[in-house]
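Enquirer: Supplied structure: target-v1.pdb, PDB, C-alpha atoms, pLDDT in the B column.
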```pdb
ATOM      1  CA  MET A 121      96.408  47.852  29.401  1.00 75.00           C
ATOM      2  CA  GLY A 122      93.387  46.078  28.003  1.00 82.00           C
ATOM      3  CA  LEU A 123      90.798  44.029  29.795  1.00 85.00           C
ATOM      4  CA  ARG A 124      92.504  40.774  28.779  1.00 81.00           C
ATOM      5  CA  GLN A 125      95.775  41.862  30.403  1.00 84.00           C
ATOM      6  CA  LYS A 126      93.984  42.970  33.583  1.00 87.00           C
ATOM      7  CA  ILE A 127      92.221  39.620  33.873  1.00 87.00           C
ATOM      8  CA  GLY A 128      95.551  37.903  33.200  1.00 86.00           C
ATOM      9  CA  VAL A 129      97.235  39.792  36.052  1.00 88.00           C
ATOM     10  CA  PHE A 130      94.379  38.829  38.383  1.00 86.00           C
ATOM     11  CA  VAL A 131      94.603  35.154  37.389  1.00 84.00           C
ATOM     12  CA  VAL A 132      98.401  35.117  37.838  1.00 85.00           C
ATOM     13  CA  LEU A 133      98.244  36.691  41.299  1.00 84.00           C
ATOM     14  CA  PHE A 134      95.242  34.645  42.442  1.00 81.00           C
ATOM     15  CA  PHE A 135      96.548  31.267  41.297  1.00 78.00           C
ATOM     16  CA  LEU A 136     100.139  31.537  42.488  1.00 77.00           C
ATOM     17  CA  PRO A 137     101.036  28.225  44.142  1.00 71.00           C
ATOM     18  CA  ILE A 138     101.825  30.113  47.374  1.00 78.00           C
ATOM     19  CA  ASN A 139      98.113  31.016  47.664  1.00 79.00           C
ATOM     20  CA  GLY A 140      97.181  27.329  47.868  1.00 79.00           C
ATOM     21  CA  PRO A 141      96.269  27.248  51.575  1.00 83.00           C
ATOM     22  CA  ILE A 142      94.037  30.314  51.205  1.00 84.00           C
ATOM     23  CA  LEU A 143      92.270  28.840  48.179  1.00 81.00           C
ATOM     24  CA  ARG A 144      91.790  25.521  49.994  1.00 83.00           C
ATOM     25  CA  MET A 145      90.259  27.322  52.987  1.00 86.00           C
ATOM     26  CA  LEU A 146      87.875  29.176  50.666  1.00 86.00           C
ATOM     27  CA  MET A 147      86.884  25.897  49.030  1.00 84.00           C
ATOM     28  CA  GLU A 148      86.235  24.268  52.401  1.00 87.00           C
ATOM     29  CA  THR A 149      84.061  27.160  53.590  1.00 91.00           C
ATOM     30  CA  GLN A 150      81.974  26.811  50.417  1.00 90.00           C
ATOM     31  CA  GLY A 151      81.405  23.119  51.164  1.00 89.00           C
ATOM     32  CA  MET A 152      83.485  21.786  48.275  1.00 85.00           C
ATOM     33  CA  PRO A 153      85.208  18.444  48.785  1.00 86.00           C
ATOM     34  CA  PRO A 154      88.987  18.685  49.289  1.00 80.00           C
ATOM     35  CA  ILE A 155      91.301  17.814  46.407  1.00 82.00           C
ATOM     36  CA  GLY A 156      94.768  16.321  46.596  1.00 83.00           C
ATOM     37  CA  GLU A 157      97.989  18.308  46.813  1.00 81.00           C
ATOM     38  CA  LEU A 158      99.350  17.233  43.445  1.00 86.00           C
ATOM     39  CA  LYS A 159      96.083  17.864  41.628  1.00 85.00           C
ATOM     40  CA  PHE A 160      95.759  21.292  43.244  1.00 82.00           C
ATOM     41  CA  LEU A 161      99.346  22.172  42.329  1.00 81.00           C
ATOM     42  CA  GLY A 162      98.680  21.125  38.734  1.00 85.00           C
ATOM     43  CA  ILE A 163      95.536  23.260  38.547  1.00 82.00           C
ATOM     44  CA  SER A 164      97.286  26.300  40.009  1.00 82.00           C
ATOM     45  CA  ILE A 165     100.238  25.980  37.615  1.00 84.00           C
ATOM     46  CA  ILE A 166      97.913  25.626  34.614  1.00 89.00           C
ATOM     47  CA  MET A 167      95.952  28.712  35.678  1.00 86.00           C
ATOM     48  CA  PHE A 168      99.224  30.597  36.256  1.00 86.00           C
ATOM     49  CA  VAL A 169     100.387  29.792  32.707  1.00 89.00           C
ATOM     50  CA  ILE A 170      97.000  30.766  31.249  1.00 89.00           C
ATOM     51  CA  GLY A 171      97.268  34.100  33.053  1.00 88.00           C
ATOM     52  CA  LEU A 172     100.773  34.656  31.681  1.00 89.00           C
ATOM     53  CA  LEU A 173      99.538  33.910  28.166  1.00 89.00           C
ATOM     54  CA  MET A 174      96.711  36.406  28.633  1.00 87.00           C
ATOM     55  CA  ILE A 175      99.180  39.082  29.691  1.00 87.00           C
ATOM     56  CA  PHE A 176     101.955  38.591  27.159  1.00 88.00           C
ATOM     57  CA  ALA A 177     100.259  37.171  24.059  1.00 82.00           C
ATOM     58  CA  PRO A 178      99.672  39.697  21.295  1.00 76.00           C
ATOM     59  CA  PRO A 179      96.055  40.633  20.673  1.00 75.00           C
ATOM     60  CA  LEU A 180      94.241  38.666  18.007  1.00 71.00           C
ATOM     61  CA  LYS A 181      93.166  40.548  14.914  1.00 73.00           C
ATOM     62  CA  ARG A 182      89.497  40.318  14.131  1.00 70.00           C
ATOM     63  CA  PHE A 183      88.466  39.435  10.623  1.00 64.00           C
ATOM     64  CA  ASN A 184      85.758  41.630   9.150  1.00 63.00           C
ATOM     65  CA  SER A 185      84.191  40.204   6.025  1.00 55.00           C
TER      66      SER A 185
END
```
Just give me the structure as structure tokens.
Expert:
Amino acid sequence: MGLRQKIGVFVVLFFLPINGPILRMLMETQGMPPIGELKFLGISIIMFVIGLLMIFAPPLKRFNS
């Protein structure tokens, strides 16, 4: 498992929508202004999909000239 897949697994587990209350508490303790429920759900779903793409997408071939 490469670094990209490991980061993808972390992103998927960290940004599951069920972790929303924990992430909101972390944001509040850091002094960040609260965001709405729908916006937060959208962000977590986008990050979840990005993590899935990082895990399951085939590696890109590098072009050497």
Enquirer: What's around Leu173 in chain A at 12 Å? Count only C-alpha atoms, leave out sequence neighbours fewer than 4 positions away in its own chain, and write the answer as number ranges by chain.
Expert: A: 124-129, 131-132, 166-169, 177-179
Enquirer: With only C-alpha atoms as the counted atoms, please give the residues lying no more than 9 Å from Pro154 in chain A, apart from itself and same-chain residues fewer than 5 positions off, as a PyMOL selection string.
Expert: chain A and resi 144+147-148
Enquirer: Quick one: everything within 8 Å of Leu136 in chain A, counting all atoms listed in the file, minus sequence neighbours fewer than 3 positions away in the same chain. Send it as an mmCIF file with C-alpha atoms, in the coordinates of the input.
Expert:
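Output contents, as saved in around-v3.cif:
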```
data_model
loop_
_atom_site.group_PDB
_atom_site.id
_atom_site.type_symbol
_atom_site.label_atom_id
_atom_site.label_comp_id
_atom_site.auth_asym_id
_atom_site.auth_seq_id
_atom_site.Cartn_x
_atom_site.Cartn_y
_atom_site.Cartn_z
ATOM 1 C CA VAL A 132 98.401 35.117 37.838
ATOM 2 C CA LEU A 133 98.244 36.691 41.299
ATOM 3 C CA ASN A 139 98.113 31.016 47.664
ATOM 4 C CA GLY A 140 97.181 27.329 47.868
ATOM 5 C CA SER A 164 97.286 26.300 40.009
ATOM 6 C CA ILE A 165 100.238 25.980 37.615
ATOM 7 C CA PHE A 168 99.224 30.597 36.256
#
```
Enquirer: Take CA of Phe176 in chain A and CA of Pro137 in chain A and report the distance between them in Å, one decimal.
Expert: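 That distance, rounded to one decimal, is 19.9 Å.
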Enquirer: Measuring atom to atom with all atoms listed in the file, identify which of A:Leu161, A:Gln150, A:Met121, A:Ile155 is nearest to Ile138 in chain A.
Expert: A:Leu161
Enquirer: At what distance in Å, to one decimal, does CA of Phe130 in chain A lie from CA of Leu146 in chain A?
Expert: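 It comes out at 16.9 Å.
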Enquirer: In Å, how far is it from CA of Met174 in chain A to CA of Leu143 in chain A?
Expert: 21.4 Å
Enquirer: When you count all atoms listed in the file, which of these residues is closest to Gly122 in chain A: A:Phe135, A:Leu180, A:Ile175, A:Ile142?
Expert: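 Ranking A:Phe135, A:Leu180, A:Ile175, A:Ile142 by distance to Gly122 in chain A, first place goes to A:Ile175.
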Enquirer: Find the residue from A:Lys181, A:Leu123, A:Phe160, A:Gly171 that sits nearest to Pro141 in chain A; use all atoms listed in the file when measuring.
Expert: A:Phe160
